[in-house]
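Let me begin by presenting the structure, written as structure tokens, before commenting on it.
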Amino acid sequence: MGRVIAIANQKGGVGKTTTAINLAASIAAAEYTTLLIDIDPQANATSGSGTSLEEESKTIYEVLIEHEDIEHAIIPSLMPYLDIVPSHINLVGTEIELIDVPNREKVMLAALQKIRKKYDFILIDCPPSLGLITLNSLTASDSVLIPVQCEYYALEGLGQLLNTISIVRKHLNPLLDIEGVLLTMYDSRLRLSNQVAEEVRKYFKEKVFDVMIRRNVKISEAPSHGKPIILYDAQSLGTKDYMDLAHELFRRNGLEKSAEKFNMPPTVSVNASAASAKPSNDAAEPLDLKVPRKPASPNGHSKHGDSDSIEAANPNRTGEPT
Ligand SMILES: Nc1ncnc2c1ncn2[C@@H]1O[C@H](COP(=O)(O)OP(=O)(O)OP(=O)(O)O)[C@@H](O)[C@H]1O
Ligand SMILES: [Mg+2]
């Protein structure tokens with residue numbers, strides 16, 4: 001099958017890497033062969049997945065710039081069905097190095113040809129930009145998964161991203177689909193979180209995944225241990241959310257792998273109810289969203305006493321749910 005999914009949003013810190021690592025691990029836990037490609041010079045997916053580079057290791061940089069065979073850059077992960085193509089800070093110059101390369105937007109597409117049939121899923125963790133690296137990823141992908149953080153200004157810039165997707169469809173990759181919009185760092189206690197989720201669902205409708213990734217401290221701890229959440233804390237809410245997301249992705253792609261087949265501790269349940277039709281391949285439209293703004297008052301709280309911050313909502317709070 002080999003479905004290639006780019007995880008993209010030019011906005012920084014919205015949960016692209018977290019989703020790339022943990023969705024890849026959750027798909028692999030269901031025994032689908034999975035490749036996670038880190039194409040961000042920050043190399044956060046590389047370190048966050050516990051991938052250590054040797055002196056002679058090849059990375060996505062050599063693949064894109066030095067025509068290295070991508071198979072030589074594949075490193076096995078801690079999980080049996082999951083492999084990684086690591087990144088390196090060298091990639092920071094790639095936008096410039098690619099400028100004079102013929103078919104510069106299709107370098108990644110060519111690199112993937114050899115391996116796309118070897119994996120059931122290939123996930124690409126894009127950098128926070130709409131430059132040549134992201135264009136290469138979108139050109140090489142079957143679909144794009146867009147994480148949107150449930151926070152201030154979350155929707156800003158999405159119009160630009162949709163416009164880029166539309167341009168890629170027109171000139172480079174007509175079959176590029178929107179896999180789905182994923183709400184991340186959701187906190188049901190916050191009015192703002194709920195407002196953002198509502199606005200995103202109003203605009204993107206069935207393209208938004210039913211599953212939302214809740215804000216969860218274990219998710220943010222896991223990368224410093226070089227582990228996906230499923231290996232760091234199999235019973236956390238973060239593990240459940242990403243497993244549920246994987247399951248919804250399977251359903252949307254017509255894969256009927258049952259919850260029982262998930263290769264994980266029995267204490268973690270998988271929500272089999274998440275279901276929806278596959279999103280259509282609509283052209284991008286200009287966004288007209290009522291984006292919740294930062295409150296104007298200097299202390300950052302709304303005039304009416306409604307709380308948009310965890311601290312204000314619950315001053316005695318000592319920790320986040322796990
Ligand atoms: N559900 C979550 N709960 C708690 N923290 C989270 C969650 N998702 C992401 N984070 C944290 O938010 C920060 C940004 O996440 P991440 O690195 O995945 O974003 P990104 O979009 O890849 O960023 P960049 O644009 O820099 O590549 C990280 O510190 C991560 O641990
Ligand atoms: Mg990232």
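Starting from 1 in every chain, residues are counted up; chains themselves are A, B, ... following the order of the structure tokens, and ligands are numbered from 1 as listed.
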
How would you write, as a PyMOL selection string, the set of residues no farther than 9 Å from ligand 1 when counting only C-alpha atoms and all ligand atoms? chain A and resi 7-21+40+42-45+125-129+147-149+184-186+212-224+238+241

Would you pick out the contacts of His225 in chain A at 9 Å or less, using only C-alpha atoms, so that residues sharing its chain but fewer than 5 positions from it are not included, and give the list as a PyMOL selection string? chain A and resi 48-50+232

Write out the residues from the selection above, keeping N, CA and C atoms, as a short mmCIF file (atom, residue, chain, number, x, y, z; two decimals), in the first residue's frame.
data_model
loop_
_atom_site.label_atom_id
_atom_site.label_comp_id
_atom_site.auth_asym_id
_atom_site.auth_seq_id
_atom_site.Cartn_x
_atom_site.Cartn_y
_atom_site.Cartn_z
N GLY A 48 13.81 12.57 19.49
CA GLY A 48 12.62 12.20 20.28
C GLY A 48 12.23 10.74 20.13
N SER A 49 12.70 10.12 19.04
CA SER A 49 12.39 8.69 18.87
C SER A 49 13.55 7.82 19.35
N GLY A 50 14.56 8.47 19.94
CA GLY A 50 15.68 7.73 20.51
C GLY A 50 16.66 7.22 19.46
N TYR A 232 7.00 4.98 26.67
CA TYR A 232 7.32 5.73 27.89
C TYR A 232 6.28 5.49 28.98
#

Using DSSP on the backbone coordinates, identify all residues within range 95-172 of chain A classified as strand (DSSP E or B); present the result as a PyMOL selection string. chain A and resi 121-125+143-149

I'd like the neighbourhood of Ala140 in chain A as an mmCIF file with N, CA and C atoms, in the first residue's frame, where a residue qualifies if any of its atoms comes within 10 Å (using only C-alpha atoms), though same-chain residues fewer than 6 positions away should be ignored.
data_model
loop_
_atom_site.group_PDB
_atom_site.id
_atom_site.type_symbol
_atom_site.label_atom_id
_atom_site.label_comp_id
_atom_site.auth_asym_id
_atom_site.auth_seq_id
_atom_site.Cartn_x
_atom_site.Cartn_y
_atom_site.Cartn_z
ATOM 1 N N VAL A 4 1.863 7.597 1.938
ATOM 2 C CA VAL A 4 2.837 8.579 2.420
ATOM 3 C C VAL A 4 2.076 9.798 2.938
ATOM 4 N N ILE A 5 2.306 10.123 4.201
ATOM 5 C CA ILE A 5 1.574 11.224 4.845
ATOM 6 C C ILE A 5 2.569 12.265 5.353
ATOM 7 N N ALA A 6 2.449 13.486 4.822
ATOM 8 C CA ALA A 6 3.284 14.588 5.332
ATOM 9 C C ALA A 6 2.557 15.218 6.512
ATOM 10 N N GLU A 105 11.693 20.440 -6.678
ATOM 11 C CA GLU A 105 10.559 20.092 -5.788
ATOM 12 C C GLU A 105 10.296 18.594 -5.776
ATOM 13 N N LYS A 106 10.969 17.840 -6.655
ATOM 14 C CA LYS A 106 10.652 16.414 -6.789
ATOM 15 C C LYS A 106 11.779 15.491 -6.323
ATOM 16 N N VAL A 107 12.735 16.043 -5.605
ATOM 17 C CA VAL A 107 13.877 15.245 -5.146
ATOM 18 C C VAL A 107 13.409 14.166 -4.156
ATOM 19 N N MET A 108 12.534 14.557 -3.253
ATOM 20 C CA MET A 108 12.015 13.612 -2.250
ATOM 21 C C MET A 108 11.146 12.542 -2.923
ATOM 22 N N LEU A 109 10.353 12.967 -3.871
ATOM 23 C CA LEU A 109 9.491 12.031 -4.606
ATOM 24 C C LEU A 109 10.352 10.939 -5.243
ATOM 25 N N ALA A 110 11.438 11.356 -5.892
ATOM 26 C CA ALA A 110 12.331 10.388 -6.546
ATOM 27 C C ALA A 110 12.982 9.486 -5.502
ATOM 28 N N ALA A 111 13.403 10.070 -4.391
ATOM 29 C CA ALA A 111 14.081 9.290 -3.345
ATOM 30 C C ALA A 111 13.171 8.205 -2.772
ATOM 31 N N LEU A 112 11.886 8.510 -2.667
ATOM 32 C CA LEU A 112 10.948 7.571 -2.038
ATOM 33 C C LEU A 112 10.517 6.428 -2.954
ATOM 34 N N GLN A 113 10.701 6.604 -4.272
ATOM 35 C CA GLN A 113 10.178 5.600 -5.216
ATOM 36 C C GLN A 113 10.544 4.179 -4.819
ATOM 37 N N ILE A 124 6.080 11.766 7.252
ATOM 38 C CA ILE A 124 7.173 12.741 7.098
ATOM 39 C C ILE A 124 6.930 13.905 8.053
ATOM 40 N N THR A 134 9.383 21.539 2.652
ATOM 41 C CA THR A 134 7.967 21.179 2.791
ATOM 42 C C THR A 134 7.348 20.924 1.411
ATOM 43 N N LEU A 172 2.267 20.114 -9.124
ATOM 44 C CA LEU A 172 3.256 19.081 -8.781
ATOM 45 C C LEU A 172 2.656 17.722 -8.418
ATOM 46 N N ASN A 173 1.521 17.737 -7.743
ATOM 47 C CA ASN A 173 0.981 16.480 -7.209
ATOM 48 C C ASN A 173 -0.551 16.548 -7.155
ATOM 49 N N LEU A 176 -2.705 14.948 -4.254
ATOM 50 C CA LEU A 176 -2.477 15.247 -2.830
ATOM 51 C C LEU A 176 -3.813 15.481 -2.116
#

Would you compute the distance between CA of Leu237 in chain A and CA of Ile75 in chain A? Give it in Å to one decimal.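 So the answer is 28.4 Å.
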
I want to know what sits within 12 Å of Pro76 in chain A, based on only C-alpha atoms, with residues of the same chain fewer than 2 positions away left out; could you give that as an MDAnalysis selection string? chainID A and resid 33:37 46 49:53 71:74 78:86

File dump, residues just selected, C-alpha atoms, as a PDB file, in the first residue's frame:
ATOM      1  CA  THR A  33       5.258  -1.551   8.682  1.00  0.00           C
ATOM      2  CA  THR A  34       5.975   2.126   9.234  1.00  0.00           C
ATOM      3  CA  LEU A  35       8.741   4.522   8.280  1.00  0.00           C
ATOM      4  CA  LEU A  36       9.158   7.851  10.044  1.00  0.00           C
ATOM      5  CA  ILE A  37      11.159  10.363   8.001  1.00  0.00           C
ATOM      6  CA  THR A  46      15.275  11.857  15.364  1.00  0.00           C
ATOM      7  CA  SER A  49      12.389   8.689  18.866  1.00  0.00           C
ATOM      8  CA  GLY A  50      15.681   7.730  20.510  1.00  0.00           C
ATOM      9  CA  THR A  51      17.552   7.392  17.209  1.00  0.00           C
ATOM     10  CA  SER A  52      21.277   7.748  17.753  1.00  0.00           C
ATOM     11  CA  LEU A  53      23.526   8.573  14.822  1.00  0.00           C
ATOM     12  CA  GLU A  71      17.661   2.635   2.009  1.00  0.00           C
ATOM     13  CA  HIS A  72      21.140   3.408   3.344  1.00  0.00           C
ATOM     14  CA  ALA A  73      19.678   6.017   5.680  1.00  0.00           C
ATOM     15  CA  ILE A  74      17.069   3.755   7.283  1.00  0.00           C
ATOM     16  CA  LEU A  78      13.042   0.520  19.390  1.00  0.00           C
ATOM     17  CA  MET A  79       9.814  -0.939  17.954  1.00  0.00           C
ATOM     18  CA  PRO A  80       9.718  -3.939  15.617  1.00  0.00           C
ATOM     19  CA  TYR A  81       7.531  -2.444  12.871  1.00  0.00           C
ATOM     20  CA  LEU A  82       8.999   1.055  12.968  1.00  0.00           C
ATOM     21  CA  ASP A  83      12.038   2.377  11.060  1.00  0.00           C
ATOM     22  CA  ILE A  84      13.454   5.896  11.017  1.00  0.00           C
ATOM     23  CA  VAL A  85      15.232   8.052   8.448  1.00  0.00           C
ATOM     24  CA  PRO A  86      17.010  10.581  10.650  1.00  0.00           C
TER      25      PRO A  86
END

Kindly give the distance, in Å, that separates CA of Glu97 in chain A and CA of Glu68 in chain A, rounded to a single decimal.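 Result for CA of Glu97 in chain A versus CA of Glu68 in chain A: 15.2 Å, one decimal.
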
Two-atom distance - CA of Ile27 in chain A, CA of Gln160 in chain A (Å):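 One can read the CA of Ile27 in chain A to CA of Gln160 in chain A distance as 29.5 Å.
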
Return the single residue from A:Asp100, A:Asp38, A:Glu54, A:Asp120 that is closest to ligand 2, with distances computed using only C-alpha atoms and all ligand atoms. A:Asp38
